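Participant: Next up, coords_7.pdb (PDB, C-alpha atoms).
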ATOM      1  CA  MET A 264      14.407  -2.774  -3.835
ATOM      2  CA  ARG A 265      11.347  -1.552  -2.038
ATOM      3  CA  PHE A 266       7.893  -2.238  -3.426
ATOM      4  CA  MET A 267       4.449  -1.001  -2.515
ATOM      5  CA  VAL A 268       1.861  -3.710  -2.952
ATOM      6  CA  ILE A 269      -1.586  -2.174  -3.269
ATOM      7  CA  THR A 270      -4.678  -4.169  -2.360
ATOM      8  CA  LYS A 271      -7.945  -3.201  -4.012
ATOM      9  CA  ALA A 272     -11.201  -2.320  -2.292
ATOM     10  CA  THR A 273     -14.230  -4.569  -2.585
ATOM     11  CA  ASP A 274     -17.918  -4.076  -1.909
ATOM     12  CA  ALA A 275     -17.323  -5.590   1.548
ATOM     13  CA  SER A 276     -14.372  -3.351   2.438
ATOM     14  CA  GLU A 277     -16.195  -0.247   1.150
ATOM     15  CA  ALA A 278     -19.212  -1.196   3.275
ATOM     16  CA  GLY A 279     -16.893  -1.250   6.292
ATOM     17  CA  ARG A 280     -17.564  -4.911   7.035
ATOM     18  CA  PRO A 281     -14.757  -6.214   9.235
ATOM     19  CA  ALA A 282     -12.786  -9.293   8.282
ATOM     20  CA  THR A 283     -13.724 -12.530   9.980
ATOM     21  CA  SER A 284     -11.546 -14.035  12.681
ATOM     22  CA  ASP A 285     -10.497 -16.739  10.195
ATOM     23  CA  ASP A 286      -9.575 -14.096   7.585
ATOM     24  CA  ILE A 287      -7.506 -12.223  10.163
ATOM     25  CA  ALA A 288      -5.685 -15.416  11.160
ATOM     26  CA  THR A 289      -4.979 -16.347   7.522
ATOM     27  CA  MET A 290      -3.613 -12.911   6.617
ATOM     28  CA  GLY A 291      -1.759 -12.755   9.935
ATOM     29  CA  ALA A 292       0.096 -15.963   9.123
ATOM     30  CA  PHE A 293       1.133 -14.560   5.724
ATOM     31  CA  ILE A 294       2.285 -11.294   7.319
ATOM     32  CA  GLU A 295       4.214 -13.159  10.018
ATOM     33  CA  GLU A 296       5.960 -15.269   7.382
ATOM     34  CA  MET A 297       7.092 -12.110   5.564
ATOM     35  CA  MET A 298       8.225 -10.565   8.856
ATOM     36  CA  ASN A 299      10.263 -13.663   9.717
ATOM     37  CA  ALA A 300      11.877 -13.582   6.262
ATOM     38  CA  GLY A 301      12.842  -9.916   6.747
ATOM     39  CA  VAL A 302      10.775  -8.842   3.724
ATOM     40  CA  LEU A 303       7.955  -6.857   5.341
ATOM     41  CA  LEU A 304       8.503  -3.184   6.164
ATOM     42  CA  ALA A 305       4.837  -2.250   6.755
ATOM     43  CA  ALA A 306       1.325  -3.551   6.164
ATOM     44  CA  GLU A 307      -1.850  -1.585   6.741
ATOM     45  CA  GLY A 308      -5.491  -1.688   5.783
ATOM     46  CA  ILE A 309      -7.345   1.558   5.298
ATOM     47  CA  HIS A 310     -10.877   2.689   6.123
ATOM     48  CA  PRO A 311     -13.533   2.834   3.392
ATOM     49  CA  SER A 312     -13.731   5.847   1.112
ATOM     50  CA  THR A 313     -16.749   7.122   3.104
ATOM     51  CA  LYS A 314     -14.182   8.271   5.656
ATOM     52  CA  GLY A 315     -11.882   9.863   3.078
ATOM     53  CA  ALA A 316     -11.546  12.807   0.748
ATOM     54  CA  ARG A 317     -10.003  13.561  -2.630
ATOM     55  CA  ILE A 318      -8.307  16.793  -3.581
ATOM     56  CA  TYR A 319      -8.470  17.713  -7.265
ATOM     57  CA  PHE A 320      -5.813  20.061  -8.635
ATOM     58  CA  ASP A 321      -6.371  22.387 -11.593
ATOM     59  CA  GLY A 322      -3.672  25.033 -11.734
ATOM     60  CA  ASP A 323      -4.033  27.055  -8.540
ATOM     61  CA  THR A 324      -7.541  25.705  -7.850
ATOM     62  CA  ARG A 325      -7.973  23.007  -5.208
ATOM     63  CA  THR A 326     -11.315  21.199  -4.990
ATOM     64  CA  VAL A 327     -12.013  18.853  -2.101
ATOM     65  CA  VAL A 328     -14.549  16.067  -2.578
ATOM     66  CA  ASP A 329     -15.575  13.972   0.416
ATOM     67  CA  GLY A 330     -16.099  10.217   0.037
ATOM     68  CA  PRO A 331     -17.632   7.867  -0.675
ATOM     69  CA  PHE A 332     -16.205   7.303  -4.117
ATOM     70  CA  THR A 333     -18.380   5.234  -6.413
ATOM     71  CA  GLU A 334     -15.988   3.069  -8.458
ATOM     72  CA  THR A 335     -14.679   0.374  -6.085
ATOM     73  CA  LYS A 336     -12.519  -1.262  -8.777
ATOM     74  CA  GLU A 337     -10.208   1.753  -8.587
ATOM     75  CA  LEU A 338     -10.131   2.163  -4.804
ATOM     76  CA  ILE A 339      -7.402   1.018  -2.459
ATOM     77  CA  ALA A 340      -8.166  -1.100   0.615
ATOM     78  CA  GLY A 341      -4.648  -1.370   1.998
ATOM     79  CA  PHE A 342      -0.992  -1.751   1.240
ATOM     80  CA  PHE A 343       2.161  -3.633   2.039
ATOM     81  CA  LEU A 344       5.614  -2.092   1.896
ATOM     82  CA  VAL A 345       8.215  -4.775   1.301
ATOM     83  CA  GLU A 346      11.873  -5.041   0.422
ATOM     84  CA  THR A 347      12.998  -7.782  -1.938
ATOM     85  CA  LYS A 348      15.956  -8.220  -4.266
ATOM     86  CA  THR A 349      13.847  -8.155  -7.436
ATOM     87  CA  LEU A 350      10.352  -7.607  -8.758
ATOM     88  CA  ASP A 351      10.181 -11.338  -9.499
ATOM     89  CA  GLU A 352      10.841 -12.137  -5.820
ATOM     90  CA  CYS A 353       8.101  -9.706  -4.769
ATOM     91  CA  VAL A 354       5.693 -11.266  -7.269
ATOM     92  CA  ALA A 355       6.528 -14.733  -5.923
ATOM     93  CA  TRP A 356       5.632 -13.626  -2.389
ATOM     94  CA  PHE A 357       2.344 -12.017  -3.363
ATOM     95  CA  LYS A 358       1.159 -14.798  -5.641
ATOM     96  CA  ARG A 359       0.682 -16.524  -2.271
ATOM     97  CA  CYS A 360      -1.197 -13.604  -0.679
ATOM     98  CA  PRO A 361      -4.545 -14.681   0.772
ATOM     99  CA  VAL A 362      -6.997 -12.344  -0.949
ATOM    100  CA  LEU A 363      -9.757 -12.114   1.628
ATOM    101  CA  ARG A 364     -12.791 -10.829  -0.227
ATOM    102  CA  THR A 365     -13.777 -10.091  -3.779
ATOM    103  CA  ASN A 366     -16.737  -8.314  -5.312
ATOM    104  CA  GLY A 367     -19.359 -11.047  -5.521
ATOM    105  CA  GLY A 368     -16.712 -13.666  -6.241
ATOM    106  CA  GLU A 369     -15.409 -11.749  -9.268
ATOM    107  CA  PRO A 370     -11.684 -11.850 -10.011
ATOM    108  CA  THR A 371      -9.645  -9.136  -8.334
ATOM    109  CA  ASN A 372      -6.008  -8.048  -8.359
ATOM    110  CA  ILE A 373      -3.250  -6.481  -6.352
ATOM    111  CA  GLU A 374      -0.810  -4.001  -7.827
ATOM    112  CA  ILE A 375       2.952  -4.024  -7.250
ATOM    113  CA  ARG A 376       4.936  -0.837  -7.828
ATOM    114  CA  GLN A 377       8.600  -0.195  -7.121
ATOM    115  CA  VAL A 378       9.243   2.672  -4.719
ATOM    116  CA  ILE A 379      11.454   5.389  -6.199
ATOM    117  CA  SER A 380      14.780   5.819  -4.438
ATOM    118  CA  ALA A 381      17.222   8.709  -4.661
ATOM    119  CA  ASP A 382      19.441   6.508  -6.839
ATOM    120  CA  ASP A 383      16.629   6.222  -9.396
ATOM    121  CA  LEU A 384      16.694   9.991  -9.893
ATOM    122  CA  GLY A 385      20.317  10.022 -11.085
ATOM    123  CA  ASP A 386      21.768  13.429 -11.810
ATOM    124  CA  SER A 387      18.417  15.165 -11.254
ATOM    125  CA  MET A 388      19.307  15.420  -7.548
ATOM    126  CA  THR A 389      22.146  17.556  -6.291
ATOM    127  CA  PRO A 390      24.435  16.177  -3.562
ATOM    128  CA  GLU A 391      22.743  18.577  -1.131
ATOM    129  CA  GLN A 392      19.304  17.242  -2.049
ATOM    130  CA  ARG A 393      20.534  13.669  -1.602
ATOM    131  CA  GLU A 394      21.853  14.544   1.859
ATOM    132  CA  THR A 395      18.544  16.181   2.798
ATOM    133  CA  VAL A 396      16.627  13.078   1.706
ATOM    134  CA  ALA A 397      19.028  10.805   3.623
ATOM    135  CA  GLN A 398      18.556  12.907   6.777
ATOM    136  CA  ARG A 399      14.763  12.853   6.403
ATOM    137  CA  ASP A 400      14.789   9.083   5.890
ATOM    138  CA  ALA A 401      16.915   8.613   9.019
ATOM    139  CA  GLN A 402      14.520  10.759  11.073
ATOM    140  CA  ALA A 403      11.292   9.328   9.679
ATOM    141  CA  ALA A 404       9.117   7.771  12.348
ATOM    142  CA  TRP A 405       7.678   4.922  10.288
ATOM    143  CA  PRO A 406       5.395   3.667  11.491
ATOM    144  CA  ALA A 407       4.434   6.700  13.544
ATOM    145  CA  GLU A 408       2.102   4.815  15.875
ATOM    146  CA  GLN A 409       3.518   1.772  17.663
TER     147      GLN A 409
END
Could you write out this file's structure as structure tokens?
Facilitator:
Amino acid sequence: MRFMVITKATDASEAGRPATSDDIATMGAFIEEMMNAGVLLAAEGIHPSTKGARIYFDGDTRTVVDGPFTETKELIAGFFLVETKTLDECVAWFKRCPVLRTNGGEPTNIEIRQVISADDLGDSMTPEQRETVAQRDAQAAWPAEQ
């Protein structure tokens, strides 16, 4: 099973303050451990919302709103893509995740969501659609930059 683990933005990450060398080393050790265990598929941080945009959809209308976005409790700061046998195994890994910064020392959280696979869609997908998805997956250049 593949899971996306979503890390939440903080005041520090939204301000664009870089992690300290110690923070980078601590998170790097955690990432390396997951790599060595064959669990990690990808891990990335993302820039603050000041460098982003949102697109709102209302029927045929598309409205683009540039960042920053005001509610940091709902913003994403990064993600991990991992593959584990179960949700419980994924939870066990990320209970050990070194959360680097919180909003003024307040509690924070990470969110774990299972990635939908073609098998999860059952009979909703035709054999042709399954083949198309399999071909796209085989050709995907993830990660694109390396």
Participant: Give as a PyMOL selection string each residue that has an atom at most 8 Å from (-8.1, -2.7, -10.1) in the file, counting all atoms listed in the file.
Facilitator: chain A and resi 271+336-338+371-374
Participant: To test your reading of the syntax: which residues would the PyMOL selection byres ((chain A and resi 285-293) around 9) return for the file shown? Reply as JSON, numbers by chain.
Facilitator: {"A": [282, 283, 284, 294, 295, 296, 297, 298, 359, 360, 361, 362, 363]}
Participant: Apply the PyMOL selection byres ((chain A and resi 332) around 9) to the file shown and report the selected residues as a PyMOL selection string.
Facilitator: chain A and resi 312-313+315-317+329-331+333-335+338
Participant: Which of these residues is nearest to Lys314 (chain A), using only C-alpha atoms: A:Pro390, A:Gly341, A:Pro370, A:Gly279?
Facilitator: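 The answer is A:Gly279, which sits nearest to Lys314 (chain A).
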Participant: When you draw a straight line from CA of Gly308 (chain A) to CA of Val268 (chain A), how long is it in Å?
Facilitator: 11.6 Å
Participant: Might you pull out every residue within 9 Å of Ala381 (chain A), with all atoms listed in the file counted and same-chain residues fewer than 3 positions away left off, and present them as a ChimeraX atom specification?
Facilitator: /A:384-385,388,393,396-397
Participant: Between A:Asp321, A:Val302, A:Thr395, A:Ser276, single out the one closest to Glu352 (chain A), counting all atoms listed in the file.
Facilitator: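 Counting all atoms listed in the file, the residue closest to Glu352 (chain A) is A:Val302.
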Participant: Determine, counting only C-alpha atoms, every residue of protein, DNA or RNA that lies within 12 Å of (6.4, 1.8, 0.4) in the file coordinates, then give the result as a list of chain:residue names.
Facilitator: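 Output of the proximity query reads A:Met264, A:Arg265, A:Phe266, A:Met267, A:Val268, A:Ile269, A:Val302, A:Leu303, A:Leu304, A:Ala305, A:Ala306, A:Glu307, A:Gly341, A:Phe342, A:Phe343, A:Leu344, A:Val345, A:Glu346, A:Thr347, A:Ile375, A:Arg376, A:Gln377, A:Val378, A:Ile379, A:Ser380, A:Trp405, A:Pro406.
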Participant: Which of these residues is nearest to Glu277 (chain A), using only C-alpha atoms: A:Ser387, A:Asp351, A:Lys358, A:Ile339?
Facilitator: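 Using only C-alpha atoms, the shortest distance to Glu277 (chain A) belongs to A:Ile339.
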Participant: Grab the CA of Pro311 (chain A) to CA of Thr273 (chain A) distance for me, in Å with one decimal place.
Facilitator: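 Computing the Euclidean distance for CA of Pro311 (chain A) and CA of Thr273 (chain A) yields 9.5 Å.
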Participant: Quick one: distance from CA of Ala278 (chain A) to CA of Ala340 (chain A) in Å, one decimal?
Facilitator: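 Value for the CA of Ala278 (chain A)-CA of Ala340 (chain A) distance: 11.4 Å.
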